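What follows is the content of data-v7.cif, which has mmCIF, C-alpha atoms:
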```
data_query
#
loop_
_atom_site.label_atom_id
_atom_site.label_comp_id
_atom_site.auth_asym_id
_atom_site.auth_seq_id
_atom_site.Cartn_x
_atom_site.Cartn_y
_atom_site.Cartn_z
CA MET A 73 76.69 116.61 90.95
CA ALA A 74 79.18 113.74 91.27
CA SER A 75 77.85 110.30 92.20
CA LEU A 76 79.36 108.00 94.80
CA HIS A 77 80.26 104.51 93.63
CA THR A 78 77.75 102.09 95.11
CA TYR A 79 77.82 98.31 95.65
CA ARG A 80 74.93 96.03 96.57
CA ALA A 81 74.72 92.50 97.95
CA GLY A 82 71.99 90.35 99.47
CA THR A 83 68.22 90.75 99.62
CA GLY A 84 65.83 92.07 102.22
CA PRO A 85 65.35 95.44 103.92
CA THR A 86 67.89 97.97 102.65
CA LEU A 87 70.81 98.65 104.98
CA VAL A 88 73.30 101.31 103.87
CA TRP A 89 76.71 101.01 105.57
CA LEU A 90 79.32 103.79 105.46
CA HIS A 91 82.97 102.89 105.92
CA GLY A 92 85.66 104.58 107.99
CA PHE A 93 88.70 106.64 107.02
CA THR A 94 91.27 104.67 104.93
CA HIS A 95 88.59 102.00 104.31
CA SER A 96 86.44 101.49 101.22
CA SER A 97 83.17 99.86 100.22
CA HIS A 98 85.05 96.54 100.08
CA SER A 99 86.25 96.74 103.70
CA ALA A 100 84.93 94.63 106.61
CA HIS A 101 84.18 91.67 104.33
CA GLN A 102 83.19 89.28 107.14
CA PHE A 103 80.90 91.86 108.74
CA ARG A 104 79.35 92.73 105.37
CA SER A 105 78.82 89.06 104.55
CA ILE A 106 76.84 88.53 107.75
CA LEU A 107 74.63 91.57 107.15
CA ALA A 108 74.03 90.64 103.50
CA GLY A 109 72.55 87.35 104.71
CA SER A 110 69.40 89.15 105.88
CA HIS A 111 69.48 92.56 104.14
CA GLU A 112 70.09 94.25 100.85
CA LEU A 113 73.43 95.67 101.92
CA VAL A 114 74.48 98.86 100.15
CA THR A 115 78.05 100.07 100.63
CA LEU A 116 79.42 103.29 99.18
CA ASP A 117 82.90 104.57 98.44
CA LEU A 118 82.85 107.87 100.33
CA PRO A 119 84.60 110.92 98.82
CA GLY A 120 88.37 110.49 98.65
CA HIS A 121 88.08 106.71 98.98
CA GLY A 122 88.04 103.74 96.62
CA ASP A 123 86.31 104.40 93.31
CA SER A 124 85.14 107.78 94.64
CA GLY A 125 88.75 108.81 95.20
CA ASP A 126 88.54 111.75 92.80
CA ILE A 127 85.53 113.29 94.55
CA ARG A 128 86.40 116.15 96.93
CA CYS A 129 83.75 117.06 99.52
CA ASP A 130 83.29 118.40 103.03
CA LEU A 131 80.93 116.67 105.46
CA THR A 132 77.83 118.61 104.41
CA GLU A 133 78.46 117.89 100.72
CA THR A 134 79.24 114.25 101.51
CA ALA A 135 75.92 113.90 103.30
CA GLU A 136 74.14 115.23 100.21
CA LEU A 137 75.91 112.70 97.98
CA VAL A 138 74.99 109.87 100.34
CA ALA A 139 71.37 111.07 100.41
CA ALA A 140 71.29 111.05 96.61
CA ALA A 141 72.71 107.52 96.56
CA ILE A 142 70.15 106.27 99.08
CA GLY A 143 67.20 107.27 96.91
CA PRO A 144 63.65 107.71 98.22
CA GLY A 145 64.13 105.72 101.46
CA PRO A 146 63.55 105.25 104.25
CA VAL A 147 66.48 102.89 104.81
CA ILE A 148 68.52 101.62 107.71
CA LEU A 149 71.64 103.79 107.76
CA GLY A 150 74.79 102.84 109.61
CA GLY A 151 78.41 103.83 109.69
CA TYR A 152 81.74 103.34 111.40
CA SER A 153 83.93 106.20 112.67
CA PHE A 154 84.19 108.63 109.71
CA GLY A 155 81.15 106.87 108.24
CA ALA A 156 79.25 107.35 111.51
CA ARG A 157 79.96 111.09 111.38
CA VAL A 158 78.64 111.17 107.82
CA ALA A 159 75.57 109.15 108.85
CA LEU A 160 74.80 111.68 111.59
CA HIS A 161 74.89 114.50 109.04
CA VAL A 162 72.60 112.57 106.67
CA ALA A 163 70.07 111.90 109.44
CA LEU A 164 70.06 115.58 110.41
CA ALA A 165 69.76 116.91 106.84
CA HIS A 166 67.39 114.25 105.47
CA PRO A 167 65.42 112.59 108.28
CA GLU A 168 62.85 111.36 105.77
CA LEU A 169 65.43 109.03 104.25
CA VAL A 170 66.43 107.24 107.44
CA GLY A 171 64.18 104.79 109.26
CA ARG A 172 66.78 103.59 111.75
CA LEU A 173 70.30 104.75 112.50
CA VAL A 174 73.33 102.74 113.67
CA LEU A 175 76.53 104.49 114.78
CA LEU A 176 79.72 102.57 115.57
CA SER A 177 82.64 104.52 117.09
CA GLY A 178 81.03 107.80 116.08
CA THR A 179 81.36 111.29 117.51
CA ARG A 180 79.49 114.58 117.58
CA GLY A 181 82.79 116.34 116.95
CA ILE A 182 85.07 118.36 119.21
CA HIS A 183 83.42 120.85 121.56
CA ASP A 184 86.44 122.99 122.45
CA ASP A 185 87.41 125.50 119.74
CA VAL A 186 91.12 125.32 120.53
CA GLU A 187 91.14 121.52 120.50
CA ARG A 188 89.22 121.52 117.22
CA ARG A 189 91.73 123.86 115.58
CA ASP A 190 94.58 121.71 116.87
CA ARG A 191 92.95 118.60 115.47
CA ARG A 192 92.50 120.29 112.11
CA ARG A 193 96.19 121.24 112.08
CA ARG A 194 97.20 117.65 112.90
CA ASP A 195 94.89 116.30 110.19
CA GLU A 196 96.49 118.65 107.66
CA GLU A 197 99.93 117.38 108.72
CA LEU A 198 98.72 113.80 108.26
CA ALA A 199 97.39 114.71 104.81
CA ARG A 200 100.83 115.92 103.81
CA ARG A 201 102.39 112.77 105.28
CA ILE A 202 100.15 110.50 103.19
CA GLN A 203 101.25 112.19 99.99
CA ILE A 204 104.92 111.91 100.93
CA ILE A 205 105.04 108.23 101.93
CA GLY A 206 102.09 106.77 99.96
CA VAL A 207 99.07 104.71 100.97
CA PRO A 208 100.63 101.33 101.99
CA ALA A 209 103.22 102.91 104.30
CA PHE A 210 100.66 105.34 105.73
CA VAL A 211 98.17 102.55 106.44
CA ASP A 212 100.91 100.65 108.29
CA GLU A 213 101.56 103.72 110.44
CA TRP A 214 97.83 104.37 110.91
CA LEU A 215 97.12 100.82 112.10
CA ALA A 216 100.11 100.91 114.46
CA GLN A 217 98.16 103.30 116.72
CA PRO A 218 96.95 101.78 120.04
CA LEU A 219 93.41 102.58 118.83
CA PHE A 220 93.67 99.68 116.35
CA ALA A 221 95.62 97.20 118.46
CA GLY A 222 92.95 94.52 118.11
CA VAL A 223 92.52 94.71 114.33
CA PRO A 224 93.61 91.42 112.72
CA ASN A 225 96.13 91.35 109.88
CA ASP A 226 93.71 90.42 107.12
CA ALA A 227 94.65 90.28 103.43
CA HIS A 228 91.11 91.27 102.39
CA GLU A 229 91.28 94.42 104.50
CA ILE A 230 94.71 95.34 103.15
CA ASP A 231 93.44 94.97 99.59
CA ALA A 232 90.37 97.10 100.39
CA ARG A 233 92.50 99.88 101.89
CA ASN A 234 94.96 99.78 99.01
CA ARG A 235 92.14 100.72 96.63
CA ASN A 236 92.65 104.25 97.99
CA THR A 237 95.01 106.92 96.67
CA ALA A 238 97.24 109.28 98.61
CA SER A 239 95.59 112.37 97.13
CA GLY A 240 92.11 111.03 97.88
CA LEU A 241 92.82 110.23 101.53
CA ALA A 242 94.59 113.56 101.96
CA SER A 243 91.55 115.41 100.63
CA SER A 244 89.27 113.49 103.01
CA LEU A 245 91.32 114.60 106.01
CA GLU A 246 91.58 118.20 104.82
CA LEU A 247 87.91 118.62 103.93
CA ALA A 248 86.02 116.21 106.19
CA GLY A 249 88.34 115.34 109.07
CA THR A 250 87.10 115.63 112.65
CA GLY A 251 88.82 119.01 112.95
CA THR A 252 86.58 120.42 110.20
CA GLN A 253 83.35 119.30 111.85
CA GLU A 254 81.21 121.70 113.82
CA PHE A 255 80.35 120.26 117.22
CA LEU A 256 76.84 118.86 116.92
CA GLY A 257 76.17 118.95 120.66
CA ASP A 258 72.47 119.37 121.38
CA VAL A 259 71.69 119.42 117.63
CA VAL A 260 71.53 115.63 117.64
CA ARG A 261 68.33 115.91 119.68
CA ASP A 262 66.62 116.66 116.39
CA ILE A 263 67.24 113.03 115.38
CA THR A 264 64.04 111.37 116.59
CA ILE A 265 64.38 107.98 114.89
CA PRO A 266 65.47 104.85 116.79
CA THR A 267 69.27 104.97 116.98
CA LEU A 268 71.78 102.41 118.18
CA VAL A 269 75.12 103.84 119.35
CA MET A 270 77.94 101.32 119.78
CA ALA A 271 81.55 101.48 120.93
CA GLY A 272 84.17 98.96 121.94
CA ALA A 273 84.81 98.75 125.68
CA LEU A 274 88.56 98.90 125.09
CA ASP A 275 88.16 102.27 123.35
CA GLU A 276 87.62 104.47 126.41
CA LYS A 277 87.37 107.78 124.56
CA PHE A 278 84.65 106.61 122.19
CA THR A 279 82.89 104.69 124.95
CA ARG A 280 82.41 107.98 126.81
CA GLU A 281 81.24 109.65 123.60
CA ALA A 282 78.79 106.81 122.87
CA LEU A 283 77.20 107.19 126.30
CA GLU A 284 76.88 110.96 125.94
CA LEU A 285 75.66 110.81 122.35
CA SER A 286 72.98 108.21 123.06
CA ALA A 287 71.80 110.20 126.10
CA ASN A 288 71.12 113.18 123.82
CA LEU A 289 69.10 111.18 121.29
CA PRO A 290 65.33 110.98 121.98
CA GLN A 291 65.25 107.32 120.89
CA GLY A 292 68.90 106.50 121.41
CA GLU A 293 70.25 103.37 123.03
CA CYS A 294 73.84 102.53 123.76
CA THR A 295 75.73 99.24 123.61
CA ILE A 296 79.29 98.94 124.88
CA LEU A 297 80.85 95.91 123.22
CA SER A 298 83.09 93.87 125.49
CA GLY A 299 86.56 92.74 124.44
CA VAL A 300 86.92 95.00 121.40
CA GLY A 301 88.24 98.45 120.60
CA HIS A 302 87.62 101.17 118.02
CA ALA A 303 87.26 98.96 114.92
CA ALA A 304 84.93 96.52 116.67
CA HIS A 305 83.35 95.24 113.44
CA LEU A 306 86.78 94.11 112.23
CA GLU A 307 87.87 92.67 115.55
CA ASN A 308 84.67 90.69 116.21
CA PRO A 309 82.27 90.98 113.26
CA GLU A 310 79.86 88.39 114.66
CA LEU A 311 79.41 90.31 117.91
CA VAL A 312 78.72 93.64 116.21
CA ALA A 313 76.43 92.15 113.57
CA SER A 314 74.49 90.26 116.25
CA ARG A 315 73.88 93.40 118.29
CA LEU A 316 72.94 95.37 115.18
CA THR A 317 70.51 92.69 114.04
CA ALA A 318 68.90 92.47 117.50
CA PHE A 319 68.32 96.23 117.40
CA LEU A 320 66.71 96.03 113.98
CA ASN A 321 64.47 93.16 115.06
CA GLN A 322 63.07 95.01 118.08
#
```
Turn the structure described in the file into C-alpha cells.
Amino acid sequence: MASLHTYRAGTGPTLVWLHGFTHSSHSAHQFRSILAGSHELVTLDLPGHGDSGDIRCDLTETAELVAAAIGPGPVILGGYSFGARVALHVALAHPELVGRLVLLSGTRGIHDDVERRDRRRRDEELARRIQIIGVPAFVDEWLAQPLFAGVPNDAHEIDARNRNTASGLASSLELAGTGTQEFLGDVVRDITIPTLVMAGALDEKFTREALELSANLPQGECTILSGVGHAAHLENPELVASRLTAFLNQ
C-alpha cells in the first residue's frame, strides 16, 4: 500500500489536519502555525496533491491511507472542504482512531442522483482543463470563483498550491470529487464522537449543509463564522483556530 507524505510540527495532543482540493500539507501556514502552538500538528499530502501527487485513490481508499498514517490513535481529526469529506469517511470507517472530529466547509455529498451525475461530469471536464492549461493558470481560474472571493493573495499559499501537478489534481477530481461520493445522509449518525461543524456565514450553500450535517450527528455542534466564506481558515485563521481550540478545550 502507498503511504501519504506526512509532516509534523509542534508538541501536545495530536491534531491531524486534512487540506482541501488544490491545497497541500504546506497550505494555510498561518492557521497551521497557530494550531502547532498547542498541538502536535500532523498534515498530510492527500492523494493527487503535493508529495503524494502520484498516488491515485478514491475516497474510500484515501480514508484507508489516512487511517494508516494516523497510527493507533485516537487523535483529533479535522479537515477543510475535500479534507472534511475525507475526514468524514475516516471517522465512519475507523471510529476507534478519532477522538474528536472537526469539519470546515464539509459536505455529506449530493443527495439527488441526477445532480450527482452532473457534478461528476463537470469535475471530469475540470480535470481535462487542468491538464490543458497547467496548475498555475488553473489555480488562478479556481480562485476567481465567488466562493473564494475573500481569500487573500498570499505568496505562501501560491507556493503551496504550486507543489501540485496537473495530472495529480486531475486524478483527485476524477476519483474523489464530490460527484463520485455516495450521499452519506443518515449514515453520519453512526459518528458518535464530539464533532464541530463549521462554515463561513458568507458561504450560504455550505452554511445550510453545516446546519443539516451537525443536526444529524449525535454529538454534533455547529458554528457559523461571521465575515468569512468557504476558505474561512485562510480568510481569518485566528477566528477559525480560536473556535476550534475552544471546542477542544470543552
**Message:** Using only C-alpha atoms, can you tell me which of A:Pro266, A:Gly272, A:Pro290, A:Gly109 comes closest to Val174 of chain A?
**Reply:**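 Among A:Pro266, A:Gly272, A:Pro290, A:Gly109, it is A:Pro266 that comes nearest to Val174 of chain A.
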**Request:** Taking the point (91.2, 97.5, 102.8) as given in the file, collect each protein or nucleic acid residue that comes within 12 Å of it, counting all atoms listed in the file, and present the set as a count of residues only.
**Result:** 35
**Message:** Suppose a student applies the PyMOL selection byres ((chain A and resi 238) around 7) to this structure; what residues should they get, written as a list of chain:residue names?
**Reply:**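 In the shown coordinates, the PyMOL selection byres ((chain A and resi 238) around 7) covers A:Ile202, A:Gln203, A:Gly206, A:Val207, A:Asn236, A:Thr237, A:Ser239, A:Gly240, A:Leu241, A:Ala242.
Considering the residues A:Ala74, A:Ala248, A:Leu107, A:Leu173 and counting only C-alpha atoms, Ala199 of chain A has its shortest atom-to-atom contact with A:Ala248.
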**Thr279 of chain A surroundings by all atoms listed in the file, 10 Å radius, close-in-sequence under 2 positions cut, as a ChimeraX atom specification** = /A:177-178,269-277,281-285,294-297,301-302
Saved selection, atoms kept: C-alpha atoms, as a PDB file, keeping the file's coordinate frame:
```pdb
ATOM      1  CA  SER A 177      82.640 104.520 117.090  1.00  0.00           C
ATOM      2  CA  GLY A 178      81.030 107.800 116.080  1.00  0.00           C
ATOM      3  CA  VAL A 269      75.120 103.840 119.350  1.00  0.00           C
ATOM      4  CA  MET A 270      77.940 101.320 119.780  1.00  0.00           C
ATOM      5  CA  ALA A 271      81.550 101.480 120.930  1.00  0.00           C
ATOM      6  CA  GLY A 272      84.170  98.960 121.940  1.00  0.00           C
ATOM      7  CA  ALA A 273      84.810  98.750 125.680  1.00  0.00           C
ATOM      8  CA  LEU A 274      88.560  98.900 125.090  1.00  0.00           C
ATOM      9  CA  ASP A 275      88.160 102.270 123.350  1.00  0.00           C
ATOM     10  CA  GLU A 276      87.620 104.470 126.410  1.00  0.00           C
ATOM     11  CA  LYS A 277      87.370 107.780 124.560  1.00  0.00           C
ATOM     12  CA  GLU A 281      81.240 109.650 123.600  1.00  0.00           C
ATOM     13  CA  ALA A 282      78.790 106.810 122.870  1.00  0.00           C
ATOM     14  CA  LEU A 283      77.200 107.190 126.300  1.00  0.00           C
ATOM     15  CA  GLU A 284      76.880 110.960 125.940  1.00  0.00           C
ATOM     16  CA  LEU A 285      75.660 110.810 122.350  1.00  0.00           C
ATOM     17  CA  CYS A 294      73.840 102.530 123.760  1.00  0.00           C
ATOM     18  CA  THR A 295      75.730  99.240 123.610  1.00  0.00           C
ATOM     19  CA  ILE A 296      79.290  98.940 124.880  1.00  0.00           C
ATOM     20  CA  LEU A 297      80.850  95.910 123.220  1.00  0.00           C
ATOM     21  CA  GLY A 301      88.240  98.450 120.600  1.00  0.00           C
ATOM     22  CA  HIS A 302      87.620 101.170 118.020  1.00  0.00           C
TER      23      HIS A 302
END
```
Taking all atoms of segment 227-242 of chain A that appear in the file, build a box with edges along x, y and z, extend it by 5 Å on every side, and state its centre and edge lengths in Å to one decimal, as JSON.
```
{"center_x": 93.8, "center_y": 101.9, "center_z": 100.6, "size_x": 16.9, "size_y": 33.3, "size_z": 17.9}
```
**Message:** My list of candidates is A:Val162, A:Ala221, A:Leu320, A:Ile265. Which is closest to His111 of chain A when distances are computed with only C-alpha atoms?
**Reply:**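 Of A:Val162, A:Ala221, A:Leu320, A:Ile265, the one nearest His111 of chain A is A:Leu320, counting only C-alpha atoms.
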**Request:** Give me the residues within 6 Å of Ala108 of chain A as a list in words, counting all atoms listed in the file and dropping any in the same chain fewer than 5 places off.
**Result:**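 Residues near the query, excluding close chain neighbours: Ala81, Gly82 and Leu113 of chain A.
Shortest atom-to-atom contact with Thr134 of chain A among A:Ser286, A:Thr250, A:Ser244, A:Gln291: A:Ser244, counting only C-alpha atoms.
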**Message:** Which residues, named as in the file, does the PyMOL selection byres ((chain A and resi 147) around 9) pick out? Answer as a list in words.
**Reply:**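 After applying the PyMOL selection byres ((chain A and resi 147) around 9), what remains is Pro85, Thr86, Leu87, Val88, Ile142, Pro144, Gly145, Pro146, Ile148, Leu149, Leu169, Val170, Gly171, Arg172 and Leu173 of chain A.
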Residues as selected, C-alpha atoms, written as a PDB file, in the frame of the given file, can you do that?
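Contents of the output file selection-v1.pdb:
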```pdb
ATOM      1  CA  PRO A  85      65.350  95.440 103.920  1.00  0.00           C
ATOM      2  CA  THR A  86      67.890  97.970 102.650  1.00  0.00           C
ATOM      3  CA  LEU A  87      70.810  98.650 104.980  1.00  0.00           C
ATOM      4  CA  VAL A  88      73.300 101.310 103.870  1.00  0.00           C
ATOM      5  CA  ILE A 142      70.150 106.270  99.080  1.00  0.00           C
ATOM      6  CA  PRO A 144      63.650 107.710  98.220  1.00  0.00           C
ATOM      7  CA  GLY A 145      64.130 105.720 101.460  1.00  0.00           C
ATOM      8  CA  PRO A 146      63.550 105.250 104.250  1.00  0.00           C
ATOM      9  CA  ILE A 148      68.520 101.620 107.710  1.00  0.00           C
ATOM     10  CA  LEU A 149      71.640 103.790 107.760  1.00  0.00           C
ATOM     11  CA  LEU A 169      65.430 109.030 104.250  1.00  0.00           C
ATOM     12  CA  VAL A 170      66.430 107.240 107.440  1.00  0.00           C
ATOM     13  CA  GLY A 171      64.180 104.790 109.260  1.00  0.00           C
ATOM     14  CA  ARG A 172      66.780 103.590 111.750  1.00  0.00           C
ATOM     15  CA  LEU A 173      70.300 104.750 112.500  1.00  0.00           C
TER      16      LEU A 173
END
```
**Item:** From A:Glu112, A:Glu310, A:Ile106, A:Gly251, residue lying nearest Arg193 of chain A [all atoms listed in the file]
**Value:**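 Checking each candidate against Arg193 of chain A, we get A:Gly251 as the closest.
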**Item:** Among the residues A:Ile127, A:Leu76, A:Val158, A:Leu247, the one that comes closest to Ala140 of chain A [using all atoms listed in the file]
**Value:** A:Leu76
(76.4, 120.4, 104.9) in this file's frame - what residues fall within 12 Å of it? Use only C-alpha atoms and give the answer as an mmCIF file with C-alpha atoms, keeping the file's coordinate frame.
```
data_model
loop_
_atom_site.group_PDB
_atom_site.id
_atom_site.type_symbol
_atom_site.label_atom_id
_atom_site.label_comp_id
_atom_site.auth_asym_id
_atom_site.auth_seq_id
_atom_site.Cartn_x
_atom_site.Cartn_y
_atom_site.Cartn_z
ATOM 1 C CA CYS A 129 83.750 117.060 99.520
ATOM 2 C CA ASP A 130 83.290 118.400 103.030
ATOM 3 C CA LEU A 131 80.930 116.670 105.460
ATOM 4 C CA THR A 132 77.830 118.610 104.410
ATOM 5 C CA GLU A 133 78.460 117.890 100.720
ATOM 6 C CA THR A 134 79.240 114.250 101.510
ATOM 7 C CA ALA A 135 75.920 113.900 103.300
ATOM 8 C CA GLU A 136 74.140 115.230 100.210
ATOM 9 C CA LEU A 137 75.910 112.700 97.980
ATOM 10 C CA VAL A 138 74.990 109.870 100.340
ATOM 11 C CA ALA A 139 71.370 111.070 100.410
ATOM 12 C CA ARG A 157 79.960 111.090 111.380
ATOM 13 C CA VAL A 158 78.640 111.170 107.820
ATOM 14 C CA ALA A 159 75.570 109.150 108.850
ATOM 15 C CA LEU A 160 74.800 111.680 111.590
ATOM 16 C CA HIS A 161 74.890 114.500 109.040
ATOM 17 C CA VAL A 162 72.600 112.570 106.670
ATOM 18 C CA ALA A 163 70.070 111.900 109.440
ATOM 19 C CA LEU A 164 70.060 115.580 110.410
ATOM 20 C CA ALA A 165 69.760 116.910 106.840
ATOM 21 C CA HIS A 166 67.390 114.250 105.470
ATOM 22 C CA LEU A 247 87.910 118.620 103.930
ATOM 23 C CA ALA A 248 86.020 116.210 106.190
ATOM 24 C CA THR A 252 86.580 120.420 110.200
ATOM 25 C CA GLN A 253 83.350 119.300 111.850
ATOM 26 C CA GLU A 254 81.210 121.700 113.820
#
```
**Asked** Please, what distance in Å, to one decimal, runs between atom CA of Asp258 of chain A and atom CA of Asp190 of chain A?
**Response**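 Separation of atom CA of Asp258 of chain A and atom CA of Asp190 of chain A: 22.7 Å.
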**One-decimal distance in Å that lies between atom CA of Ile182 of chain A and atom CA of Val300 of chain A** =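 It comes out at 23.5 Å.
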**Item:** Computed interatomic separation between atom CA of Asp126 of chain A and atom CA of Gly249 of chain A (Å)
**Value:**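 These atoms are spaced 16.7 Å apart.
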Which residues, named as in the file, does the PyMOL selection byres ((chain A and resi 309) around 9) pick out? Answer as a short mmCIF file (atom, residue, chain, number, x, y, z; two decimals) with C-alpha atoms, in the frame of the given file.
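So part-v5.cif came out as:
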```cif
data_model
loop_
_atom_site.label_atom_id
_atom_site.label_comp_id
_atom_site.auth_asym_id
_atom_site.auth_seq_id
_atom_site.Cartn_x
_atom_site.Cartn_y
_atom_site.Cartn_z
CA ALA A 100 84.93 94.63 106.61
CA GLN A 102 83.19 89.28 107.14
CA PHE A 103 80.90 91.86 108.74
CA ARG A 104 79.35 92.73 105.37
CA ILE A 106 76.84 88.53 107.75
CA ALA A 304 84.93 96.52 116.67
CA HIS A 305 83.35 95.24 113.44
CA LEU A 306 86.78 94.11 112.23
CA GLU A 307 87.87 92.67 115.55
CA ASN A 308 84.67 90.69 116.21
CA GLU A 310 79.86 88.39 114.66
CA LEU A 311 79.41 90.31 117.91
CA VAL A 312 78.72 93.64 116.21
CA ALA A 313 76.43 92.15 113.57
CA SER A 314 74.49 90.26 116.25
#
```
